[in-house]
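Right, one structure below, let's go through it.
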Amino acid sequence: MSDCIFCDIVDGDIPSHTVHENETVMAFLDANPLARGHTLVIPKAHHERVNDLPADLATDIFAAVHDLTGRIERAVDADATTIAFNNGPAAGQEVPHVHAHIVPRSEADGGRPIHALIEDRPDVADDELADVAATIGST
């Protein structure tokens with residue numbers, strides 16, 4: 001896709017600190033990291049959102065995330081990692097190309113858990129949870 005920085009990285013037009021690459025997936029250090037070792041895992045083919053991915057490619061991406069997580073933690077002596085996908089602009093996705101963030105974490109990094117992302121959380125009754133679950137399960 002034209003004007004996609006990640007496609008330009010895949011094509012070699014923009015340099016990267018690549019840590020993993022195979023036929024379908026590429027992983028490289030984030031140029032604006034939240035922590036040392038912050039890595040992005042992307043499909044080489046352009047897909048904007050997770051739900052746009054073919055199932056086999058989604059499997060390839062998660063396999064790379066699975067393989068890289070421990071390696072990244074060991075490389076930067078991290079206690080843990082946060083793994084996240086921002087799926088669409090409303091979720092904070094800044095580059096419209098699917099990418100997983102693997103962010104090394106430590107007890108002292110000042111980072112917060114995922115539940116700290118949303119300040120105004122809804123009060124959802126149990127019957128509404130049941131309705132949403134049923135709707136998700138039937139689509």
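Residue names in the structure tokens use chain letters A, B, ... in the order shown, residue numbers from 1 in each chain, and ligand numbers from 1 in the order shown.
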DSSP strand (DSSP E or B) residues within chain A, as an MDAnalysis selection string: chainID A and resid 18:21 25:29 39:43 80:85 100:105
Preceding selection exported with N, CA and C atoms as a short mmCIF file (atom, residue, chain, number, x, y, z; two decimals), in the first residue's frame:
```cif
data_model
loop_
_atom_site.label_atom_id
_atom_site.label_comp_id
_atom_site.auth_asym_id
_atom_site.auth_seq_id
_atom_site.Cartn_x
_atom_site.Cartn_y
_atom_site.Cartn_z
N THR A 18 15.56 -5.09 12.46
CA THR A 18 14.76 -6.29 12.34
C THR A 18 15.27 -7.37 13.29
N VAL A 19 14.34 -8.00 14.01
CA VAL A 19 14.71 -9.06 14.95
C VAL A 19 14.15 -10.42 14.52
N HIS A 20 13.24 -10.42 13.56
CA HIS A 20 12.64 -11.67 13.08
C HIS A 20 12.05 -11.41 11.70
N GLU A 21 12.20 -12.39 10.83
CA GLU A 21 11.57 -12.27 9.50
C GLU A 21 11.43 -13.66 8.92
N VAL A 25 5.79 -12.76 8.02
CA VAL A 25 5.82 -11.89 9.19
C VAL A 25 7.19 -11.24 9.33
N MET A 26 7.18 -10.03 9.85
CA MET A 26 8.42 -9.31 10.14
C MET A 26 8.27 -8.67 11.52
N ALA A 27 9.36 -8.64 12.27
CA ALA A 27 9.36 -7.99 13.59
C ALA A 27 10.60 -7.11 13.68
N PHE A 28 10.40 -5.91 14.24
CA PHE A 28 11.50 -4.96 14.35
C PHE A 28 11.28 -4.09 15.57
N LEU A 29 12.37 -3.49 16.03
CA LEU A 29 12.28 -2.61 17.19
C LEU A 29 11.50 -1.34 16.83
N THR A 39 9.12 -4.09 20.65
CA THR A 39 9.16 -4.70 19.32
C THR A 39 7.77 -4.69 18.70
N LEU A 40 7.73 -4.46 17.39
CA LEU A 40 6.49 -4.53 16.63
C LEU A 40 6.53 -5.78 15.75
N VAL A 41 5.44 -6.51 15.72
CA VAL A 41 5.32 -7.70 14.89
C VAL A 41 4.21 -7.43 13.89
N ILE A 42 4.53 -7.52 12.59
CA ILE A 42 3.57 -7.15 11.55
C ILE A 42 3.46 -8.25 10.49
N PRO A 43 2.32 -8.31 9.81
CA PRO A 43 2.26 -9.14 8.62
C PRO A 43 2.97 -8.38 7.50
N ALA A 80 8.62 -8.88 32.75
CA ALA A 80 7.37 -9.27 32.10
C ALA A 80 7.23 -8.48 30.79
N THR A 81 6.12 -8.68 30.10
CA THR A 81 5.84 -7.92 28.88
C THR A 81 4.35 -7.59 28.82
N THR A 82 4.06 -6.50 28.16
CA THR A 82 2.69 -6.21 27.77
C THR A 82 2.62 -6.44 26.28
N ILE A 83 1.63 -7.21 25.86
CA ILE A 83 1.44 -7.52 24.44
C ILE A 83 0.09 -6.93 24.05
N ALA A 84 0.09 -6.10 23.00
CA ALA A 84 -1.14 -5.40 22.66
C ALA A 84 -1.27 -5.17 21.16
N PHE A 85 -2.53 -5.15 20.73
CA PHE A 85 -2.90 -4.71 19.38
C PHE A 85 -3.87 -3.55 19.56
N ALA A 100 1.43 -5.97 16.32
CA ALA A 100 1.43 -6.31 17.74
C ALA A 100 2.58 -5.58 18.39
N HIS A 101 2.35 -5.05 19.57
CA HIS A 101 3.40 -4.45 20.38
C HIS A 101 3.83 -5.48 21.42
N ILE A 102 5.11 -5.71 21.53
CA ILE A 102 5.66 -6.49 22.64
C ILE A 102 6.51 -5.49 23.43
N VAL A 103 6.00 -5.10 24.59
CA VAL A 103 6.64 -4.06 25.39
C VAL A 103 7.22 -4.68 26.66
N PRO A 104 8.55 -4.72 26.78
CA PRO A 104 9.16 -5.23 28.01
C PRO A 104 8.76 -4.37 29.20
N ARG A 105 8.53 -5.03 30.34
CA ARG A 105 8.06 -4.32 31.53
C ARG A 105 8.90 -4.70 32.74
#
```
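For stretch 56-60 of chain A, the non-local neighbours within 9 Å, defined as residues at least 3 positions apart in the same chain or in other chains and counting only C-alpha atoms, are Thr24, Val25, Pro43, Val50, Leu53, Ala63, Ala64 and Val65 of chain A.
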Top pick for closest residue to A:His47, considering A:Ala35, A:His17, A:Val95, A:Ala78 and counting only C-alpha atoms: A:Val95
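Nearest to A:Arg74 of all the residues A:Lys44, A:Arg36, A:Ala91, A:Gly110 is A:Arg36, counting only C-alpha atoms.
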Shortest interatomic distance to A:Pro15 - which of A:Asp123, A:Asn87, A:Asp30, A:Ser2, counting only C-alpha atoms: A:Asp30
Secondary structure check, alpha helix (DSSP H) residues of chain A, as a ChimeraX atom specification: /A:5-10,55-76,126-138
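Taking atom CA of A:Arg112 as the reference point, atom CA of A:Glu73 is found at 17.9 Å.
Taking only C-alpha atoms into account, A:Arg71 lies nearest to A:His38 out of the set A:His38, A:Asn32, A:His46, A:Asn51.
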Using only C-alpha atoms: which of A:Gly37, A:Pro122, A:Pro96, A:Gly12 has the shortest distance to A:Gly70: A:Gly37
